[in-house]
Amino acid sequence: MTLLDTLVQGVLLGGLYALFAAGLSLVFGIMRLVNLAHGDLIVMAAYLILGVTSALGLNPFAAVLIAAPVMFAAGWLLQTYVLNRVLGEDILPPLLVTFGLSVVIQNGLLQGFSADSRKLAAGAIEAQSLALGPISVGVMPLLTLISAVVVIFALNRLFYRTALGRAFRATSDDAVTAQLMGIRPQSVFAIATGIAMVVATIAALYLGVRSNFDPSIGPARLLYAFEAVIIGGLGSLWGTLAGGIVIGVAQALGAVVNPEWQILSGHVAFVAVLLLRPRGLFPRAND
Amino acid sequence: MFTRRSLLKTGAALAATSLVRPAFAAGTKIKIGYVSPQSGPLSAFSAADDYMVAKFLASAKSIGLDAEVIVKDSQSNPNRAAEVAKELISRDGVNLMLVASTPETTNPVCSVAEQEQIPVISSVAPWQPWFIGQQGNPGDPSSWQAFDYVYHFFWGLEDNVAVFMNMWNGVETNKSVGGLWPNDGDGNAWASNAGMPPALSKAGYKLTDPGRYQDLTDDFSAQINAFKQADCQIMTGIPIPPDFTTFWTQAQQQGYKPKLATVAKALLFPETVAALGPLGHNLACEVWWSPNHPFKSSLTGQSAAELAAEFEKAAGRQWTMPAGFVHALFEVAVDAIKRTKDPTDGDALAAAIGATNLNTVVGKIQWGQDNVPAFARKNVAKTPLVGGQWRRKADGSFDLVIVENGLAPEIPLGGKLEALS
């Protein structure tokens, strides 16, 4: 029974990692940009939600509806005025820029909000749980997993069922030819980063309700997000969900043996997947 | 009108004021370096720094002490702490160094200053990681040596363990304890043979210790399951704040409800507890300083309550425990400078610090007492430690109420210990 409980908790944790990773996966899939500031942008979104909740007295879930468009605009501006200028043949400049951005965001948040650790208060729902047979499943972790599935489902629909998605895929496959067809990669990129920031805002909601956050906490979660993307296979959104769950379950199982092995087992699972399937579990065919 | 007469008058007045200054080493200016983690993950410890430094400068002026404080930020980083300590000594030429908050800042600064023979007053780090952590071979007690220039005042692990165990005795339980100890300096010390396990078995408690986990872990189901299986009615540990929040909410979700949770480190700051909302009610922690401590500042004569109230008003936030200790650092500094003929002489100043016997706002500070093991006695002075519970008020803010004072009966209780469930 403990084993079943461990697996369930691991899968639920995987939902959180998948949410962290979805935005990263989207941006990487479309423009081959590794955004090292993704973790810090999530923390920034968490502060934004916190600001909205305290200014308007809203529930964090409602505050997301206000924070998400703001983050979309921030992502759009960031891509249009900063990242588009450094994207090119050389992969190093965008990497360095996002690294610098990470430092700037951390210190900016520290200046603005101090180092006090904060948390989003969602009320009684935080401690509630559902009894599924012998296992008690927290309502918040369950919501996290459901949100991750919904987000990935929505992103997939967007990718494969809309004109914008076609533009995304076309730019990702061959930016030059897409340009000949009348698509402006720069504006496609800007919209993609905007959408990634909306996903980051949803991730921020669940991060902020689950645990405390402070300005320095972003990079710690970035690593799991990267691993989830790579385990899943670059460019595959459902793969990212699977990757998150693989890491979550591996960590939960490792922790049962000994808590010292919790984080390590996540990394070991990552290495094992890389050894057995170097391109990840569900790689896109033509990369 | 600017005339010869008025000029002479002001000149005479100036000369007079400089003559009546008390004999603080005949007009020599004392340079004090102050290092603390003002940015980075540990910066919550330094919230009161600016206020306390300004307060010291104001009171130094009023007693005629010509002092300059050079404040440096360790950025919560040990390497940076050592670097700024070197800078303070070689570039700024400080006569005395004050350092506060966590071994990550105190230890590198003390090590550098000891080498450079600059006296240091240090605080806000349990004395074991401070003293043993600076030894060449921490594993071999016979090799430990006392220091010549660095002096530390705070409490130790043994006090914290005793405070927690006193609290447990106040509640009817099955004596089964769950330990949440991370794989960091504090967690390893608590879980080691110098920490809690031997004290527990001696007092007849049964310990469930699932093992060291890494800081910033996202899932504590394994620990919660272990605690549930052993029916641990007491939960204790020393997690960092985000980890405790994750653990505690998960514990509620998965139905682990201990009668008492005594948690070190994670619950020091009111903001962290407030973030837990109703789940934070009656969580217990160690208390090193509070406005209810019956002590007075030797610098300003204010009581702990007055000092805390003034800080709250000036900084616009609730008092924090380090505030009292930062103030006490300056109290000890002024007292030692007063008793030294030439405070620019490092050896003389270090000797004066070692001979301190001062009632400060955090309690009596005197080195060489027998409540510290002989090997560390010269450099470590202990201040009192009590236990408290966070009580949620109607408006959602929290008060820290002292509920246990077995080690320091002079500190009044603010209420009775209450079980969580």
# chains A, B, ... in the order shown; residues from 1 in each chain; ligands from 1

$ residues_around --residues "Val34 in chain A" --least-positions-apart "5" --cutoff "12 Å" --atoms "only C-alpha atoms" --output "PyMOL selection string"
chain A and resi 21+23-29+39+83+87+91-99+193+222-223+225-226+229-230+234

$ write_last_selection --atoms "C-alpha atoms" --output "PDB file, in the first residue's frame"
ATOM      1  CA  ALA A  21       8.808  22.501 -18.003  1.00  0.00           C
ATOM      2  CA  GLY A  23       6.894  26.836 -21.037  1.00  0.00           C
ATOM      3  CA  LEU A  24      10.523  25.893 -21.456  1.00  0.00           C
ATOM      4  CA  SER A  25       9.610  23.103 -23.870  1.00  0.00           C
ATOM      5  CA  LEU A  26       7.452  25.451 -25.946  1.00  0.00           C
ATOM      6  CA  VAL A  27      10.157  28.095 -26.310  1.00  0.00           C
ATOM      7  CA  PHE A  28      12.859  25.562 -27.031  1.00  0.00           C
ATOM      8  CA  GLY A  29      10.700  23.674 -29.513  1.00  0.00           C
ATOM      9  CA  GLY A  39      12.807  29.593 -13.194  1.00  0.00           C
ATOM     10  CA  LEU A  83      15.781  38.066 -27.222  1.00  0.00           C
ATOM     11  CA  LEU A  87      18.785  34.932 -31.771  1.00  0.00           C
ATOM     12  CA  ILE A  91      23.540  29.731 -29.738  1.00  0.00           C
ATOM     13  CA  LEU A  92      25.800  31.402 -27.181  1.00  0.00           C
ATOM     14  CA  PRO A  93      24.489  35.013 -27.158  1.00  0.00           C
ATOM     15  CA  PRO A  94      20.861  34.106 -26.240  1.00  0.00           C
ATOM     16  CA  LEU A  95      22.183  31.751 -23.569  1.00  0.00           C
ATOM     17  CA  LEU A  96      24.296  34.523 -22.069  1.00  0.00           C
ATOM     18  CA  VAL A  97      21.463  37.025 -22.276  1.00  0.00           C
ATOM     19  CA  THR A  98      19.012  34.763 -20.457  1.00  0.00           C
ATOM     20  CA  PHE A  99      21.680  33.989 -17.871  1.00  0.00           C
ATOM     21  CA  THR A 193       7.296  33.618 -25.479  1.00  0.00           C
ATOM     22  CA  LEU A 222      14.952  25.016 -13.512  1.00  0.00           C
ATOM     23  CA  LEU A 223      17.075  21.881 -13.503  1.00  0.00           C
ATOM     24  CA  ALA A 225      12.294  21.410 -15.865  1.00  0.00           C
ATOM     25  CA  PHE A 226      15.242  20.889 -18.211  1.00  0.00           C
ATOM     26  CA  VAL A 229      11.992  18.421 -21.398  1.00  0.00           C
ATOM     27  CA  ILE A 230      14.913  16.223 -22.373  1.00  0.00           C
ATOM     28  CA  LEU A 234      12.728  17.847 -27.514  1.00  0.00           C
TER      29      LEU A 234
END

$ interface_residues --of "chain B" --to "chain A" --cutoff "8 Å" --atoms "only C-alpha atoms" --output "ChimeraX atom specification"
/B:39-44,183,210-214,216-219,221-223,225,241-243,245-246,249-250,252-255,271-272,275-277

$ select_by_dssp --residues "range 23-216 of chain A" --states "strand (DSSP E)" --output "PyMOL selection string"
chain A and resi 129-132+135-138

$ write_last_selection --atoms "N, CA and C atoms" --output "tab-separated table (two decimals), in the first residue's frame"
chain	number	residue	atom	x	y	z
A	129	SER	N	-7.99	17.02	1.38
A	129	SER	CA	-7.59	15.87	0.58
A	129	SER	C	-8.79	15.00	0.28
A	130	LEU	N	-8.62	14.18	-0.75
A	130	LEU	CA	-9.67	13.23	-1.13
A	130	LEU	C	-9.18	11.84	-0.75
A	131	ALA	N	-10.07	11.02	-0.23
A	131	ALA	CA	-9.68	9.65	0.06
A	131	ALA	C	-10.01	8.78	-1.16
A	132	LEU	N	-8.98	8.35	-1.86
A	132	LEU	CA	-9.16	7.44	-2.99
A	132	LEU	C	-8.78	6.05	-2.49
A	135	ILE	N	-5.71	5.57	-0.11
A	135	ILE	CA	-4.73	6.63	-0.29
A	135	ILE	C	-5.42	7.98	-0.14
A	136	SER	N	-4.76	8.89	0.60
A	136	SER	CA	-5.36	10.21	0.65
A	136	SER	C	-4.56	11.13	-0.26
A	137	VAL	N	-5.27	11.74	-1.20
A	137	VAL	CA	-4.63	12.56	-2.22
A	137	VAL	C	-4.98	14.01	-1.97
A	138	GLY	N	-3.96	14.85	-1.84
A	138	GLY	CA	-4.20	16.26	-1.59
A	138	GLY	C	-4.93	16.91	-2.76

$ residues_around --residues "range 195-200 of chain B" --least-positions-apart "6" --cutoff "8 Å" --atoms "only C-alpha atoms" --output "list of chain:residue names"
B:Leu157, B:Glu158, B:Val161, B:Ala189, B:Lys206, B:Leu207
